[in-house]
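Notes follow once the structure below has been shown.
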Amino acid sequence: MTVNRSSAQSIGALEKLFEEQFGKKPEQIDLLPVSGSDRRYYRLQAGSTSAIGTYNSNIAENNTYFYFTELFRKHDINVPEVYKTSKDRCFYLQQDLGTTSLFDQLMKEGQTKEVRQYFHKALVQLAKVQWIAGREVDFNQCFATKQFDEKAIMADLMYFKYYFADLQKIHYNKAEVVDEMEELSKELGRIQPQMLMYRDFQSRNLMLHNGEVYLIDYQGGMQGPPQYDIASLLWQAKAQLPDAWKEDLLNGYIRTLHDLHIPRMDEIHFRRGYVQFVLLRILQVLGAYGYRGLIEHKPHFISSIGPALKNLQSFLSDNPQQPAYPALRSLLERLSTKEMQQKYAIPVRAEDSKLQVNICSFSYKNGIPKSSSPHGGGYVFDCRGLLNPGRYTAYKHLTGNDPLVKQFLERETRMPEFLDHAFALVSLNVEDYLARGFEQLSVSFGCTGGQHRSVYAAEQLGKFLTARYNVPVSITHLNEKKWVLQEEKEAE
């Protein structure tokens with residue numbers, strides 16, 4: 001197996017684009033957090049000059065992004081400038097908008113007047129995307145789905161069914177609910193108007209730069225109802241915007257349409273459609289959280305389920321006639337009870353709970369470490385059956401804490417499958433130990449050098465247990481002093 005092109009080779013290609021654009025080589029290159037797609041993002045810097053380099057092997061997706069970027073900038077919509085693209089269109093260099101998203105600002109400052117104004121600014125940009133750029137968009141440029149039609153809506157509803165509802169062990173008449181979902185998808189598919197829909201318009205995709213709001217990650221745009229995007233922003237689960245904000249921001253969006261002299265907008269009809277798409281977005285998000293959290297065990301998504309269920313309960317309470325399908329309505333009511341919300345709430349650690357989970361990584365060259373648990377043992381997981389990043393020069397002098405190694409393990413090995421089993425087994429004991437008042441549990445991950453696979457696995461388990469059970473976790477890397485790092489190589 002060869003090292004994936006997206007690591008060492010992609011850095012070289014992006015360095016070349018940077019030098020061609022700015023006339024100097026980058027002095028520092030940092031890998032940015034991985035998104036849900038196969039795109040890789042890097043921040044390249046040389047003094048005060050900075051740019052974001054992107055690698056994506058999906059050329060059709062890249063072409064859609066380039067098309068939308070050019071269209072939006074033509075209409076003075078705030079999106080990052082694309083400086084340069086490679087000949088094969090797999091690599092591109094774009095404007096660096098910094099590191100602060102609207103979501104980050106909301107979490108940092110809270111629900112202040114300034115933050116609310118940023119939300120208003122975001123909706124002004126959205127209106128221009130949908131109704132100004134949307135007038136002349138060529139939907140044939142969309143790289144995947146061209147229209148958010150009945151089939152796409154049904155896919156979102158089934159995503160919710162399979163990856164959330166069916167995982168809750170709640171008995172319901174599946175055939176009846178699917179029949180009602182089909183009717184709902186037909187109803188929503190007929191809603192007008194159909195404009196340019198952003199698809200994932202939420203505060204993590206809105207960057208704050210020089211006092212303005214900039215849009216990113218819009219390559220999933222398609223023809224669809226504009227209400228869906230508003231619902232995506234105002235009902236984002238972790239943002240938990242108050243009802244007064246939601247109403248004020250929706251009114252502000254509608255005022256913007258009047259200011260832009262948008263014809264063919266029946267406000268009553270528009271608001272009615274908005275309510276229906278709020279529900280659809282909530283269900284789609286729950287499906288995504290179920291897949292990423294309950295199937296893939298990613299802590300961020302697990303911790304988002306509780307707020308999403310709270311959103312669903314709030315919606316059902318405020319809209320007793322939605323959805324107007326009895327079996328589906330009954331299922332949603334049962335899924336959004338206080339008990340279900342509590343199940344997915346970040347646990348409040350009981351005062352009398354003394355459980356401490358001690359996690360370590362180790363090298364099998366030094367033998368299996370002895371457990372410090374007074375109960376005599378715990379788990380020892382052998383990671384040597386997984387492909388070793390240390391075999392490759394690009395990763396040899398890195399560790400399981402480095403982004404490049406994390407990406408390799410997540411995308412090029414069976415580590416996700418391995419951790420699924422490990423998390424499930426450890427969870428059995430954590431839940432039992434909490435119930436029985438035990439004080440310690442030890443978990444060890446071993447690999448050949450105790451530097452890559454075992455380190456990554458130990459850190460991931462720590463994050464999972466903290467998010468799922470809110471238990472104190474200690475992580476020790478027993479072979480850390482013997483890690484073969486880049487600095488040591490240079491010193492030789």
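Simple scheme: letters A, B, ... for chains in structure tokens order, numbers from 1 for residues in each chain, numbers from 1 for ligands in the order shown.
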Give me the residues near segment 379-384 of chain A as a PyMOL selection string, where near means some atom within 6 Å (using only C-alpha atoms) and where sequence neighbours in that chain fewer than 4 positions away do not count.
chain A and resi 443-447
Take the selection from the previous step and output its residues with C-alpha atoms, as a PDB file, in the first residue's frame.
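File out37.pdb, as written:
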ATOM      1  CA  VAL A 443      -7.736   0.134  29.672  1.00  0.00           C
ATOM      2  CA  SER A 444      -4.512  -0.361  27.722  1.00  0.00           C
ATOM      3  CA  PHE A 445      -3.816  -0.135  23.995  1.00  0.00           C
ATOM      4  CA  GLY A 446      -0.611  -1.643  22.656  1.00  0.00           C
ATOM      5  CA  CYS A 447       1.187  -1.531  19.318  1.00  0.00           C
TER       6      CYS A 447
END
So that I can check the secondary structure, give me every residue of segment 153-252 of chain A assigned helix (DSSP H, G or I) by backbone DSSP, as an NGL selection string.
:A and (153-163 or 165-167 or 174-189 or 203-205 or 226-234 or 243-252)
May I ask which of the residues A:Leu328, A:Ile11, A:Ala51, A:Val129 is the closest one to Tyr218 of chain A, counting only C-alpha atoms?
A:Val129
List the spatial neighbours of Ile282 of chain A as JSON, numbers by chain - criterion: any atom at most 12 Å away, only C-alpha atoms, same-chain residues fewer than 2 positions off excluded.
{"A": [156, 157, 159, 160, 164, 228, 229, 231, 232, 233, 234, 235, 236, 237, 238, 275, 276, 277, 278, 279, 280, 284, 285, 286, 287, 288, 289, 304, 305, 307, 308, 309, 310, 311, 312, 313, 314, 315, 316, 332, 336]}
Just-selected residues, C-alpha atoms written as a CSV table (one decimal), in the first residue's frame:
chain,number,residue,atom,x,y,z
A,156,ASP,CA,-33.5,12.6,4.4
A,157,LEU,CA,-36.6,11.1,6.1
A,159,TYR,CA,-31.9,8.7,6.9
A,160,PHE,CA,-33.6,9.8,10.1
A,164,PHE,CA,-31.8,7.4,14.6
A,228,TYR,CA,-34.8,25.0,4.4
A,229,ASP,CA,-31.6,27.2,4.7
A,231,ALA,CA,-34.4,26.6,9.3
A,232,SER,CA,-30.8,25.1,9.2
A,233,LEU,CA,-29.4,28.3,10.7
A,234,LEU,CA,-32.1,29.2,13.2
A,235,TRP,CA,-32.6,25.7,14.5
A,236,GLN,CA,-29.0,24.5,14.7
A,237,ALA,CA,-29.1,22.1,17.7
A,238,LYS,CA,-26.0,23.2,19.6
A,275,VAL,CA,-42.4,25.7,9.6
A,276,GLN,CA,-42.6,22.5,7.6
A,277,PHE,CA,-38.9,22.6,6.6
A,278,VAL,CA,-37.9,23.3,10.2
A,279,LEU,CA,-39.2,19.8,11.0
A,280,LEU,CA,-37.5,18.2,8.1
A,284,GLN,CA,-32.2,15.2,8.9
A,285,VAL,CA,-29.8,16.4,11.6
A,286,LEU,CA,-30.9,13.7,14.0
A,287,GLY,CA,-30.2,11.1,11.3
A,288,ALA,CA,-26.7,12.6,10.8
A,289,TYR,CA,-26.0,12.7,14.6
A,304,SER,CA,-25.3,17.0,20.0
A,305,ILE,CA,-28.2,14.5,20.1
A,307,PRO,CA,-29.9,19.5,22.1
A,308,ALA,CA,-31.4,18.2,18.8
A,309,LEU,CA,-34.1,16.2,20.7
A,310,LYS,CA,-34.8,19.4,22.8
A,311,ASN,CA,-35.3,21.2,19.5
A,312,LEU,CA,-37.7,18.5,18.3
A,313,GLN,CA,-39.8,18.7,21.5
A,314,SER,CA,-39.9,22.5,21.3
A,315,PHE,CA,-41.1,22.3,17.7
A,316,LEU,CA,-43.8,19.7,18.4
A,332,LEU,CA,-41.6,11.9,17.2
A,336,SER,CA,-38.4,13.6,22.1
Using DSSP assignments from the backbone, pull out every residue in segment 30-59 of chain A that falls under strand (DSSP E) and give it to me as a list in words.
Asp30, Leu31, Arg40, Tyr41, Tyr42, Arg43, Leu44, Gln45, Ala46, Thr49, Ser50, Ala51, Ile52, Gly53, Thr54 and Tyr55 of chain A
Atom-to-atom span, atom CA of Ile302 of chain A and atom CA of Ala457 of chain A, Å
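Interatomic distance, atom CA of Ile302 of chain A to atom CA of Ala457 of chain A: 18.0 Å.
The interatomic distance for the pair atom CA of Leu428 of chain A and atom CA of Met340 of chain A works out to 19.9 Å.
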Selected residue of minimal separation from Thr64 of chain A among A:Pro226, A:Pro403, A:Gly221, A:Pro263, counting only C-alpha atoms:
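The answer is A:Gly221, which sits nearest to Thr64 of chain A.
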Do a neighbour search on Ile359 of chain A at 12 Å with only C-alpha atoms, toss out local chain neighbours closer than 2 positions, and write the hits as a PyMOL selection string.
chain A and resi 356-357+361-362+369+371-373+378-381+426+440-446+454-463+465+472-478
Between atom CA of Gln125 of chain A and atom CA of Gln219 of chain A, what distance in Å does the model show, to one decimal?
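Between atom CA of Gln125 of chain A and atom CA of Gln219 of chain A the gap works out to 15.8 Å.
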